[in-house]
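A.B. asks: Below: one structure in structure tokens.
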Protein chains: 2
Amino acid sequence: MLGLAAALAAIGQPDSTAHLSDYIRPFIGTHGEGSMYPGPAAPFGMIQPGPDSNGKQFSGYDHEDPMIHGFSMTHLSGTGWWDLGDFLFMPGTGEPKYDPGTDTQPRSGYQSAISHNDESASAGYYKVKLQDYDTWVELTASDRAAILRITFPESQQAWILTDLKHVLHWNIVWSHIRVEDNATVTGYHLENGWAKERHLYFAARYSRPFDDYRIINDGKPVVYGGERFRSQSETEGVAIRFQSQAEAAGANLRFLAKYKTSKDEVIQVKIALSAVSAENALKNLDAEIPDWDFDRVRNETRHKWDRELSKIQIDGTQEEKETFYTAMYHAFLAPNLYQDVTGEYRGFDQNIHQAVGFTNYTIFSLWDTFRAEHPLLALFQAERDADMINTMLAHYDQSVDHMLPIWTLQANETWCMIGYHAVSVIVDGYFKGVKGFDARHAYNAIKTTAMNPRYDGLPDYDRLGWVPDDKETESVSKTLEYAYDDWCIAQMAKALGKEEDYAHFLKRAGSYSNIFDPSVGFMRGKDSNGHWRTPFDPHGHKDCTEGNSWQYTWYVPQDMPGLITLFGGNDKFSRKLDELFTFGKPENKEEDAANGVIGEYWHGNEPSHQIIYSYCYAGQPWKAQARLRGIVKDFYGNKPTSLTGNDDCGQMSAWYIFTALGFYPVCPGSDYYVIGSPALPRAVMTLSNGHKLTMEAENLSGANLYVQSMTLNGKPWNSVFLPYREISRGGSIVFKMGPQPDKNWGSDSRLNQNSTP
Amino acid sequence: MLGLAAALAAIGQPDSTAHLSDYIRPFIGTHGEGSMYPGPAAPFGMIQPGPDSNGKQFSGYDHEDPMIHGFSMTHLSGTGWWDLGDFLFMPGTGEPKYDPGTDTQPRSGYQSAISHNDESASAGYYKVKLQDYDTWVELTASDRAAILRITFPESQQAWILTDLKHVLHWNIVWSHIRVEDNATVTGYHLENGWAKERHLYFAARYSRPFDDYRIINDGKPVVYGGERFRSQSETEGVAIRFQSQAEAAGANLRFLAKYKTSKDEVIQVKIALSAVSAENALKNLDAEIPDWDFDRVRNETRHKWDRELSKIQIDGTQEEKETFYTAMYHAFLAPNLYQDVTGEYRGFDQNIHQAVGFTNYTIFSLWDTFRAEHPLLALFQAERDADMINTMLAHYDQSVDHMLPIWTLQANETWCMIGYHAVSVIVDGYFKGVKGFDARHAYNAIKTTAMNPRYDGLPDYDRLGWVPDDKETESVSKTLEYAYDDWCIAQMAKALGKEEDYAHFLKRAGSYSNIFDPSVGFMRGKDSNGHWRTPFDPHGHKDCTEGNSWQYTWYVPQDMPGLITLFGGNDKFSRKLDELFTFGKPENKEEDAANGVIGEYWHGNEPSHQIIYSYCYAGQPWKAQARLRGIVKDFYGNKPTSLTGNDDCGQMSAWYIFTALGFYPVCPGSDYYVIGSPALPRAVMTLSNGHKLTMEAENLSGANLYVQSMTLNGKPWNSVFLPYREISRGGSIVFKMGPQPDKNWGSDSRLNQNSTP
């Protein structure tokens with residue numbers, strides 16, 4: 001009832017949330033490890049127009065780079081590897097250049113200097129002055145289309161270049177371009193990149209017909225003519241093709257629209273994408289931006305962000321709001337829409353499919369996002385999470401390997417990272433009220449994936465109870481993450497009445513214990529004969545994925561009591577955990593913040609993300625509270641450098657959102673969250689089901705970071721575990737905070753022996 | 001009435017035509033200039049599976065080559081340039097090889113020796129023994145799908161290789177392959193060839209599941225695993241990819257299905273194509289060949305040929321029937337179906353279109369086929385000709401250059417050759433009862449094409465009355481061919497009541513006279529100031545397309561009386577024409593037959609094709625009669641070497657068909673044919689409209705090659721012109737032949753001053 005009343009109240013007050021998007025700071029994470037892009041995008045949008053600088057940042061843009069090369073239409077959100085950067089548009093004046101230029105000789109190419117004084121970014125908007133060309137560019141985006149609003153100086157030679165060769169880091173193997181009419185261009189390119197075969201189309205309409213245009217192939221203008229059958233003899237510096245002047249194909253194409261401009265003349269280019277066809281790109285464009293109203297598009301996208309951000313309304317300082325709402329912005333940028341307005345999308349089998357009953361998405365960085373990003377979506381974006389799950393099931397149906405996605409990128413499987421964490425996403429969704437997918441279909445996909453006889457050591461793992469380090473790389477990480485995923489499978493098997501499967505996967509979920517070596521107190525590589533990795537170095541990276549045994553040893557979210565028992569109980573466990581933060585070197589806040597590390601703890605990468613919450617399972621939640629608030633304070637913020645690790649499609653930000661709200665999904669698929677230490681005085685959350693959940697942290701301050709007590713819906717709550725069932729219909733969480741640990745609250749280890757109190 | 005009765009009679013006698021396809025000799029034209037392929041194909045089919053030898057022949061196969069590389073799925077029919085040869089399948093035994101091998105070291109690769117003793121080809125069927133592997137391969141094809149029936153020896157290592165890199169002469173820029181299940185594979189490649197961007201998919205089903213399989217990338221097996229995130233460490237000689245073992249993408253892929261076979265074990269592979277998607281390739285496959293009945297497919301295709309060939313039932317010797325029916329076979333191989341069973345096709349804009357109200361075709365070698373091939377289709381295949389015209393109109397709609405096709409190859413314009421002869425095809429169809437296309441749409445396309453301001457010197461031509469040789473290559477040929485096409489446009493403009501257009505294009509149709517230089521008696525290059533090409537060499541190729549002034553000077557089909565007047569009358573004209581055949585060297589039948597030439601006359605290429613009929617316009621038809629029968633006898637036949645020029649998608653064969661029947665479409669778009677000398681004693685033609693036209697040549701023999709008299713529907717006919725309107729409802733043509741010219745018949749020049757008597 002409370003939830004409903006609150007929801008109705010919210011409906012009556014739309015204006016109160018109208019400007020939450022003003023807190024978005026797109027430059028957060030655009031220098032250093034964050035790997036974010038500053039360009040505009042709609043929530044979960046298909047297009048992300050934005051500036052690309054020297055290409056060394058995975059996202060394309062580095063806030064410290066004094067030059068930009070232009071504005072490409074797609075960007076990965078915080079990933080640790082390059083791709084996208086499709087279809088770069090760059091306006092300019094003077095003699096046109098067709099190559100971007102080099103770092104040492106930037107003026108040899110079309111790139112331009114910029115100044116942060118002449119640059120701004122906000123929700124759905126980016127603006128910059130290209131100093132070399134005295135030209136302003138503004139960008140906005142709808143779901144599948146973008147507008148570039150260009151303000152030129154007076155020029156006899158103004159131009160807008162489209163570089164079809166440009167992508168971030170990788171190679172274009174083919175492209176084509178068609179000048180459909182004197183103000184419309186369509187194009188295509190095929191990239192062999194992180195995605196091994198990525199087909200993408202664009203359509204662009206120009207607000208003013210070109211005075212003239214040219215296509216450039218391998219640096220030379222394409223002219224009508226050539227060879228014996230065409231009109232024109234070969235000319236110096238001219239590329240002769242068996243093709244017309246209005247279209248060309250090749251691996252190295254550019255298009256140049258040419259104008260004479262008057263002072264402050266505005267020319268707009270609107271651009272849409274499609275992975276299906278140029279025809280669909282045009283449909284996407286004309287459906288979403290039928291007019292030339294830049295401000296309408298900008299305002300509509302800003303309003304979409306207002307709506308998304310209003311799902312969590314917080315109290316806090318300006319900096320806290322900028323940090324928090326930008327974290328929400330990051331969390332809701334990806335996965336990305338990957339479907340045309342017609343409902344068609346390019347499937348993992350490279351066929352064109354019609355999405356029936358769901359909307360298709362892409363960019364599943366699952367090794368990262370199963371941890372907190374997808375649990376966040378399940379809680380606040382259940383409808384989209386269902387679409388994403390249905391996308392994963394379509395992927396499974398289309399997969400010749402009969403696998404759910406591992407890390408998908410626009411109709412491609414990159415096979416990046418380890419585990420089969422789509423399982424976690426699906427099972428967490430299944431238990432968290434994410435509706436709209438077929439549970440039996442999903443379970444078949446999950447089980448088939450987890451039993452794949454060819455995937456990363458699975459048969460050995462299934463037979464031995466661990467991934468043997470003599471047969472498989474990263475065997476410790478794989479064993480641990482498989483065991484967690486298997487626990488998820490067991491839960492769903494049980495719910496579906498599949499007792500045999502339940503027993504099988506629950507047994508596999510216990511595999512972690514097979515690689516814990518009590519003699520060293522670490523998870524440790526083991527070969528197929530049962531011999532430990534020797535010599536053993538817990539700092540070594542040999543058996544772990546982007547980490548080491550110091551970081552991975554804690555990864556038993558499905559059975560923390562079991563892990564603690566292996567250590568010999570809460571005290572021994574906690575002492576070892578203390579060492580994690582001090583091992584090797586004393587804490588140095590400044591240096592730690594720059595590198596995202598504290599001792600061996602490395603917040604900058606996902607294997608550490610649940611570790612601090614481990615204290616809560618061991619009866620010492622106050623240690624978690626102190627550490628969490630330290631990280632919230634030191635490793636997040638509102639500056640370009642504020643993200644100390646790759647945002648990884650929202651995971652780094654989702655960690656912050658949960659943690660700042662006071663609880664975290666340590667074990668997705670379970671029915672509980674683990675309570676940490678809230679970092680905000682108040683938050684009103686509108687859950688996916690419309691119910692309102694309020695969190696209040698009384699007496700909160702920088703010093704008052706310890707939980708003294710808590711009530712849940714008015715009743716005292718003395719457990720560190722927050723059951724989903726207790727909050728799923730909304731309600732109220734009230735913390736009382738203080739400057740010293742209250743070692744009674746949340747410390748009863750008996751309450752911790754089961755997953756929920 | 002006669003026509004109807006004859007049609008009914010034919011319906012009652014299906015068996016009488018059941019085996020006309022037995023006369024088809026697919027090896028005709030497979031060595032020398034013919035450029036034909038011997039593999040099976042359905043009439044106008046989308047797939048042409050067949051053997052490829054060393055790749056020096058444009059069609060892929062040379063009858064003199066002792067080795068073949070395998071069996072690719074597509075082949076161009078008699079063109080003078082390479083392309084296609086998609087998706088080569090090659091079975092074998094022993095250690096598999098992944099490259100074809102070289103001419104000097106054939107055994108370094110997978111190619112195999114063959115012997116003509118172990119090779120046969122007939123309608124819808126090809127069979128050969130691969131000597132190196134003691135393996136027999138049989139092929140058959142439906143419209144879009146093929147079956148390979150392979151008979152293996154006993155082998156521990158039998159295999160079937162699919163080479164996705166193989167195409168004829170050109171380059172694959174990208175490909176992918178997916179092992180859909182243990183007996184199904186789909187694949188894709190993108191070629192940059194004569195067609196600049198050609199996307200093609202295949203689907204293959206194997207009658208027996210593979211014992212094992214592998215994908216080979218850059219010569220190395222693709223194994224599951226690689227880098228840090230996948231299962232297997234790098235191994236010697238193994239290609240590691242970020243991809244599974246069951247799919248791969250790259251520019252150099254092969255697929256190998258592996259078997260242990262027993263003696264004489266038959267394994268079949270059925271393969272279908274699609275330019276749209278792998279999904280559609282599977283649909284095409286399963287729709288057309290749902291079973292494994294090789295003989296059913298073969299018989300159905302043979303029956304299709306029986307039906308097509310039955311449209312002209314001739315009397316003649318075995319050799320004449322083999323020659324004639326194989327000419328019909330050649331004439332009905334191309335253009336090719338280019339549309340899936342779903343109705344979808346890849347358009348010239350590379351979008352996927354649904355064909356509404358027509359069937360889409362490709363391979364329009366229009367500079368060749370407008371002459372006799374399309375007139376033959378208009379007369380005997382009007383429904384398909386209408387589909388082809390609608391395909392051309394769709395191409396026009398999709399063309400950013402607003403042009404009808406020039407020479408199209410699978411969704412690509414090659415821009416090969418000159419002129420805008422789609423105009424001729426459309427106008428001839430319009431006047432010859434080809435129904436089912438929108439005449440006004442067609443006329444708009446025609447006029448827009450002919451007025452294109454960028455195409456091959458058209459503005460100068462329109463302004464000056466000739467294509468100036470200082471601004472444009474091949475100016476003489478272009479002027480002449482434009483003028484003919486313009487005459488076609490004028491006729492259609494007149495029929496549609498467009499008087500202004502009629503006058504404009506009729507004026508342009510007279511442009512030929514501007515480049516006739518009476519001082520030399522030749523068509524001659526002229527520059528934009530009106531100065532003749534100096535020095536002038538009528539043997540020179542500078543201003544002509546694949547020819548010279550000796551050959552091009554006669555090309556005024558739209559106004560032969562006007563041309564004759566320029567020469568100073570019939571006698572001067574005829575004497576000059578006589579010189580064509582003797583100029584430079586005396587006739588040498590043997591040498592002429594090998595080279596397809598007589599003096600300066602070159603039957604091997606299209607510019608000469610109408611020349612001999614010019615005698616008919618000058619009152620000396622007996623000279624034409626002698627020359628025509630000489631060519632029918634010496635330049636055609638039933639041997640691999642029998643075609644002395646490229647068949648050019650049926651044009652060379654269509655010339656033979658018309659000529660052997662006694663008349664030829666010298667001026668497509670006009671309402672008449674020109675009567676030559678029949679080479680067959682009797683032919684019963686079923687026209688597109690169902691009416692029957694009978695041709696009888698009484699007293700015909702090798703020596704009796706001169707027309708003594710003729711009746712048309714029982715009435716004496718003393719003109720060399722045969723009006724379409726007189727035969728369009730069927731009827732009877734009876735020639736009386738004799739050993740000496742009857743210089744009265746057909747010689748009244750007054751009858752020749754207009755296009756019809």
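Within each chain, counting starts at residue 1; across the structure tokens, chains are named A, B, ... in the order shown, with ligands numbered 1 upward in that order.
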Pick out the residues sitting within 9 Å of Gly510 of chain B, and hand them over as a ChimeraX atom specification; count only C-alpha atoms, and ignore anything fewer than 2 positions along from it in its own chain.
C.D. replies: /B:465,483-484,486-487,505-508,512-514,558-559,562
A.B. asks: Can you write out the residues you just picked, keeping N, CA, C and O atoms, as a compact mmCIF listing (two decimals), in the first residue's frame?
C.D. replies:
```txt
# COMPACT_ATOMS: atom_id res chain seq x y z
N GLY B 465 25.95 16.23 -82.02
CA GLY B 465 25.50 15.22 -82.98
C GLY B 465 26.51 14.11 -83.17
O GLY B 465 26.34 13.24 -84.02
N ALA B 483 23.10 6.30 -81.38
CA ALA B 483 22.13 6.67 -82.42
C ALA B 483 21.09 5.57 -82.60
O ALA B 483 19.89 5.84 -82.72
N TYR B 484 21.58 4.31 -82.57
CA TYR B 484 20.62 3.19 -82.68
C TYR B 484 19.67 3.19 -81.47
O TYR B 484 18.45 3.09 -81.62
N ASP B 486 18.86 5.57 -79.60
CA ASP B 486 17.98 6.74 -79.66
C ASP B 486 16.82 6.50 -80.62
O ASP B 486 15.70 6.97 -80.39
N TRP B 487 17.10 5.79 -81.70
CA TRP B 487 16.01 5.45 -82.63
C TRP B 487 14.95 4.60 -81.89
O TRP B 487 13.75 4.84 -82.04
N PHE B 505 14.80 12.49 -80.21
CA PHE B 505 15.59 11.26 -80.30
C PHE B 505 15.71 10.77 -81.75
O PHE B 505 16.69 10.13 -82.10
N LEU B 506 14.73 11.09 -82.60
CA LEU B 506 14.88 10.72 -84.00
C LEU B 506 16.02 11.51 -84.63
O LEU B 506 16.80 10.98 -85.43
N LYS B 507 16.14 12.75 -84.20
CA LYS B 507 17.27 13.55 -84.69
C LYS B 507 18.58 12.92 -84.23
O LYS B 507 19.52 12.76 -85.02
N ARG B 508 18.63 12.54 -82.96
CA ARG B 508 19.85 11.89 -82.47
C ARG B 508 20.10 10.58 -83.20
O ARG B 508 21.26 10.19 -83.41
N TYR B 512 24.58 9.14 -86.81
CA TYR B 512 25.57 8.31 -87.51
C TYR B 512 26.13 9.02 -88.73
O TYR B 512 27.30 8.89 -89.08
N SER B 513 25.26 9.80 -89.40
CA SER B 513 25.70 10.41 -90.66
C SER B 513 26.78 11.46 -90.41
O SER B 513 27.55 11.77 -91.32
N ASN B 514 26.84 11.97 -89.17
CA ASN B 514 27.83 13.02 -88.88
C ASN B 514 29.26 12.48 -88.83
O ASN B 514 30.21 13.25 -88.88
N GLN B 558 19.16 1.10 -87.68
CA GLN B 558 17.92 1.87 -87.67
C GLN B 558 17.69 2.60 -88.99
O GLN B 558 16.58 3.09 -89.21
N ASP B 559 18.70 2.68 -89.83
CA ASP B 559 18.51 3.42 -91.09
C ASP B 559 19.50 2.94 -92.14
O ASP B 559 20.35 3.69 -92.61
N GLY B 562 19.57 4.91 -95.35
CA GLY B 562 20.34 6.14 -95.19
C GLY B 562 21.83 5.89 -95.30
O GLY B 562 22.56 6.64 -95.94
```
A.B. asks: Please return, as a PyMOL selection string, all residues of chain B lying within 9 Å of chain A when only C-alpha atoms are considered.
C.D. replies: chain B and resi 173-176+178-181+190+192+194+196-197+224-225+228-233+242-250+276-280+349-352+399-401+413-418+454-457+471-474+545
A.B. asks: Go ahead and compute the interatomic distance for atom CA of Gly433 of chain B and atom CA of Gly690 of chain B, in Å to one decimal.
C.D. replies: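 Distance between the two atoms: 12.0 Å.
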A.B. asks: Per DSSP on the backbone, what are the strand (DSSP E) residues of segment 322-385 of chain A, as a CSV table (one decimal) with all heavy atoms, in the first residue's frame?
C.D. replies:
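Once everything was written out, this is result-v9.csv:
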```
chain,number,residue,atom,x,y,z
A,336,ASN,N,23.4,-2.1,-25.1
A,336,ASN,CA,22.8,-1.2,-26.1
A,336,ASN,C,21.8,-1.8,-27.0
A,336,ASN,O,21.9,-3.0,-27.5
A,336,ASN,CB,24.0,-0.7,-27.0
A,336,ASN,CG,25.0,0.1,-26.2
A,336,ASN,OD1,26.1,-0.4,-25.8
A,336,ASN,ND2,24.6,1.3,-25.8
A,337,LEU,N,20.8,-1.0,-27.2
A,337,LEU,CA,19.8,-1.4,-28.2
A,337,LEU,C,20.5,-1.8,-29.5
A,337,LEU,O,21.4,-1.2,-30.0
A,337,LEU,CB,18.9,-0.1,-28.5
A,337,LEU,CG,17.8,-0.2,-29.5
A,337,LEU,CD1,16.7,-1.1,-29.0
A,337,LEU,CD2,17.2,1.2,-29.8
A,344,GLU,N,13.7,-5.4,-36.9
A,344,GLU,CA,14.8,-6.3,-37.4
A,344,GLU,C,16.1,-6.1,-36.7
A,344,GLU,O,16.4,-5.0,-36.3
A,344,GLU,CB,14.9,-6.1,-38.9
A,344,GLU,CG,13.8,-6.5,-39.8
A,344,GLU,CD,13.9,-6.0,-41.2
A,344,GLU,OE1,13.9,-4.8,-41.4
A,344,GLU,OE2,14.0,-6.8,-42.1
A,345,TYR,N,16.8,-7.2,-36.6
A,345,TYR,CA,18.2,-7.0,-36.0
A,345,TYR,C,19.1,-8.1,-36.7
A,345,TYR,O,18.6,-9.1,-37.2
A,345,TYR,CB,18.2,-7.2,-34.5
A,345,TYR,CG,17.9,-8.6,-34.0
A,345,TYR,CD1,18.9,-9.4,-33.6
A,345,TYR,CD2,16.6,-9.0,-33.8
A,345,TYR,CE1,18.6,-10.7,-33.2
A,345,TYR,CE2,16.3,-10.3,-33.3
A,345,TYR,CZ,17.3,-11.1,-33.0
A,345,TYR,OH,17.0,-12.4,-32.5
A,346,ARG,N,20.4,-7.9,-36.6
A,346,ARG,CA,21.3,-8.9,-37.1
A,346,ARG,C,21.6,-9.8,-36.0
A,346,ARG,O,22.1,-9.4,-34.9
A,346,ARG,CB,22.6,-8.2,-37.6
A,346,ARG,CG,23.7,-9.1,-38.1
A,346,ARG,CD,24.9,-8.4,-38.7
A,346,ARG,NE,24.5,-7.6,-39.9
A,346,ARG,CZ,24.6,-8.1,-41.1
A,346,ARG,NH1,25.0,-9.3,-41.3
A,346,ARG,NH2,24.2,-7.4,-42.1
A,352,ILE,N,19.4,-11.9,-40.6
A,352,ILE,CA,18.5,-10.8,-40.1
A,352,ILE,C,17.3,-11.4,-39.5
A,352,ILE,O,16.6,-12.2,-40.2
A,352,ILE,CB,18.2,-9.8,-41.3
A,352,ILE,CG1,19.4,-9.3,-42.0
A,352,ILE,CG2,17.3,-8.7,-40.8
A,352,ILE,CD1,20.5,-8.7,-41.0
A,353,HIS,N,17.0,-11.1,-38.3
A,353,HIS,CA,15.9,-11.7,-37.6
A,353,HIS,C,14.9,-10.6,-37.2
A,353,HIS,O,15.2,-9.4,-37.1
A,353,HIS,CB,16.3,-12.3,-36.2
A,353,HIS,CG,17.2,-13.4,-36.4
A,353,HIS,ND1,16.8,-14.7,-36.4
A,353,HIS,CD2,18.6,-13.5,-36.7
A,353,HIS,CE1,17.8,-15.6,-36.6
A,353,HIS,NE2,18.9,-14.8,-36.8
A,354,GLN,N,13.6,-11.0,-37.1
A,354,GLN,CA,12.6,-10.1,-36.6
A,354,GLN,C,12.5,-10.4,-35.1
A,354,GLN,O,12.2,-11.6,-34.7
A,354,GLN,CB,11.3,-10.3,-37.3
A,354,GLN,CG,10.2,-9.4,-37.0
A,354,GLN,CD,10.3,-8.0,-37.7
A,354,GLN,OE1,10.9,-8.0,-38.8
A,354,GLN,NE2,9.8,-7.0,-37.1
A,361,TYR,N,19.1,-6.5,-27.7
A,361,TYR,CA,20.3,-5.6,-27.2
A,361,TYR,C,21.6,-6.3,-27.6
A,361,TYR,O,21.6,-7.5,-27.9
A,361,TYR,CB,20.2,-5.5,-25.7
A,361,TYR,CG,19.1,-4.5,-25.3
A,361,TYR,CD1,17.8,-4.9,-25.2
A,361,TYR,CD2,19.4,-3.1,-25.1
A,361,TYR,CE1,16.8,-3.9,-24.8
A,361,TYR,CE2,18.5,-2.2,-24.7
A,361,TYR,CZ,17.1,-2.6,-24.6
A,361,TYR,OH,16.2,-1.7,-24.2
A,362,THR,N,22.7,-5.5,-27.4
A,362,THR,CA,24.0,-6.1,-27.6
A,362,THR,C,24.9,-5.5,-26.5
A,362,THR,O,24.5,-4.7,-25.7
A,362,THR,CB,24.5,-5.9,-29.0
A,362,THR,OG1,25.7,-6.6,-29.2
A,362,THR,CG2,24.8,-4.4,-29.3
A,364,PHE,N,27.2,-7.3,-24.2
A,364,PHE,CA,27.1,-8.0,-22.9
A,364,PHE,C,28.5,-8.3,-22.4
A,364,PHE,O,29.1,-9.3,-22.8
A,364,PHE,CB,26.3,-9.3,-23.1
A,364,PHE,CG,24.8,-9.0,-23.4
A,364,PHE,CD1,24.2,-9.5,-24.6
A,364,PHE,CD2,24.0,-8.2,-22.6
A,364,PHE,CE1,22.9,-9.3,-24.8
A,364,PHE,CE2,22.7,-8.0,-22.8
A,364,PHE,CZ,22.1,-8.5,-24.0
A,365,SER,N,28.9,-7.5,-21.5
A,365,SER,CA,30.2,-7.6,-20.9
A,365,SER,C,30.0,-8.4,-19.6
A,365,SER,O,30.2,-8.0,-18.5
A,365,SER,CB,30.8,-6.2,-20.6
A,365,SER,OG,32.1,-6.3,-20.0
```
A.B. asks: Excluding Phe721 of chain A and its own-chain neighbours fewer than 5 positions away, which residues fall within 6 Å of it when counting only C-alpha atoms? Please give them as a count of residues only.
C.D. replies: 3
A.B. asks: List the neighbours of His330 of chain A out to 7 Å using only C-alpha atoms; skip same-chain residues closer than 4 positions along the sequence, and give me the result as a ChimeraX atom specification.
C.D. replies: /A:326,650,653
A.B. asks: Neighbouring residues of Asp428 of chain B were defined as those with any atom within 7 Å, considering only C-alpha atoms; residues of the same chain fewer than 2 positions away were excluded. Please report them as a ChimeraX atom specification.
C.D. replies: /B:375,424-426,430-432,668-669
A.B. asks: According to DSSP computed on the backbone, where in segment 143-370 of chain B is there alpha helix (DSSP H)? Give the residues as number ranges by chain.
C.D. replies: B: 278-288, 294-309, 318-331, 366-369
A.B. asks: Phe152 of chain A: which residues within 6 Å, counting only C-alpha atoms, same-chain residues fewer than 4 positions away excluded, as a short mmCIF file (atom, residue, chain, number, x, y, z; two decimals) with N, CA, C and O atoms, in the first residue's frame?
C.D. replies:
```
data_model
loop_
_atom_site.label_atom_id
_atom_site.label_comp_id
_atom_site.auth_asym_id
_atom_site.auth_seq_id
_atom_site.Cartn_x
_atom_site.Cartn_y
_atom_site.Cartn_z
N THR A 135 35.37 26.39 -36.11
CA THR A 135 34.06 25.78 -36.36
C THR A 135 33.55 25.13 -35.08
O THR A 135 34.30 24.45 -34.39
N ASP A 264 28.98 32.18 -39.52
CA ASP A 264 28.07 31.56 -38.55
C ASP A 264 26.97 30.71 -39.21
O ASP A 264 25.92 30.47 -38.61
N GLU A 265 27.22 30.30 -40.42
CA GLU A 265 26.21 29.46 -41.08
C GLU A 265 26.14 28.11 -40.39
O GLU A 265 27.16 27.47 -40.13
#
```
A.B. asks: Would you mind listing what lies within 8 Å of Met403 of chain B as JSON, numbers by chain, with only C-alpha atoms counted and same-chain residues fewer than 3 positions away left out?
C.D. replies: {"B": [395, 396, 399, 400, 445, 448, 449, 452]}
A.B. asks: Using the selection just defined, write its residues with N, CA, C and O atoms as a PDB file, in the first residue's frame.
C.D. replies:
```
ATOM      1  N   HIS B 395      16.510  -1.957 -61.009  1.00  0.00           N
ATOM      2  CA  HIS B 395      17.896  -1.477 -60.986  1.00  0.00           C
ATOM      3  C   HIS B 395      17.920   0.048 -61.173  1.00  0.00           C
ATOM      4  O   HIS B 395      18.599   0.762 -60.439  1.00  0.00           O
ATOM      5  N   TYR B 396      17.168   0.509 -62.142  1.00  0.00           N
ATOM      6  CA  TYR B 396      17.093   1.963 -62.371  1.00  0.00           C
ATOM      7  C   TYR B 396      16.612   2.678 -61.113  1.00  0.00           C
ATOM      8  O   TYR B 396      17.205   3.674 -60.679  1.00  0.00           O
ATOM      9  N   SER B 399      19.365   2.878 -58.624  1.00  0.00           N
ATOM     10  CA  SER B 399      20.650   3.431 -59.076  1.00  0.00           C
ATOM     11  C   SER B 399      20.811   4.885 -58.643  1.00  0.00           C
ATOM     12  O   SER B 399      19.979   5.725 -58.979  1.00  0.00           O
ATOM     13  N   VAL B 400      21.883   5.165 -57.934  1.00  0.00           N
ATOM     14  CA  VAL B 400      22.140   6.570 -57.577  1.00  0.00           C
ATOM     15  C   VAL B 400      22.522   7.383 -58.800  1.00  0.00           C
ATOM     16  O   VAL B 400      22.467   8.608 -58.772  1.00  0.00           O
ATOM     17  N   ALA B 445      12.590   5.748 -67.342  1.00  0.00           N
ATOM     18  CA  ALA B 445      13.924   5.197 -67.095  1.00  0.00           C
ATOM     19  C   ALA B 445      14.797   5.306 -68.344  1.00  0.00           C
ATOM     20  O   ALA B 445      15.974   5.682 -68.279  1.00  0.00           O
ATOM     21  N   THR B 448      15.671   9.081 -69.026  1.00  0.00           N
ATOM     22  CA  THR B 448      16.619   9.589 -68.021  1.00  0.00           C
ATOM     23  C   THR B 448      18.004   9.009 -68.267  1.00  0.00           C
ATOM     24  O   THR B 448      19.009   9.710 -68.160  1.00  0.00           O
ATOM     25  N   THR B 449      18.050   7.742 -68.606  1.00  0.00           N
ATOM     26  CA  THR B 449      19.337   7.104 -68.894  1.00  0.00           C
ATOM     27  C   THR B 449      20.004   7.764 -70.097  1.00  0.00           C
ATOM     28  O   THR B 449      21.189   8.101 -70.062  1.00  0.00           O
ATOM     29  N   ASN B 452      21.487  11.195 -69.371  1.00  0.00           N
ATOM     30  CA  ASN B 452      22.365  11.338 -68.208  1.00  0.00           C
ATOM     31  C   ASN B 452      23.516  12.299 -68.516  1.00  0.00           C
ATOM     32  O   ASN B 452      24.278  12.071 -69.456  1.00  0.00           O
TER      33      ASN B 452
END
```
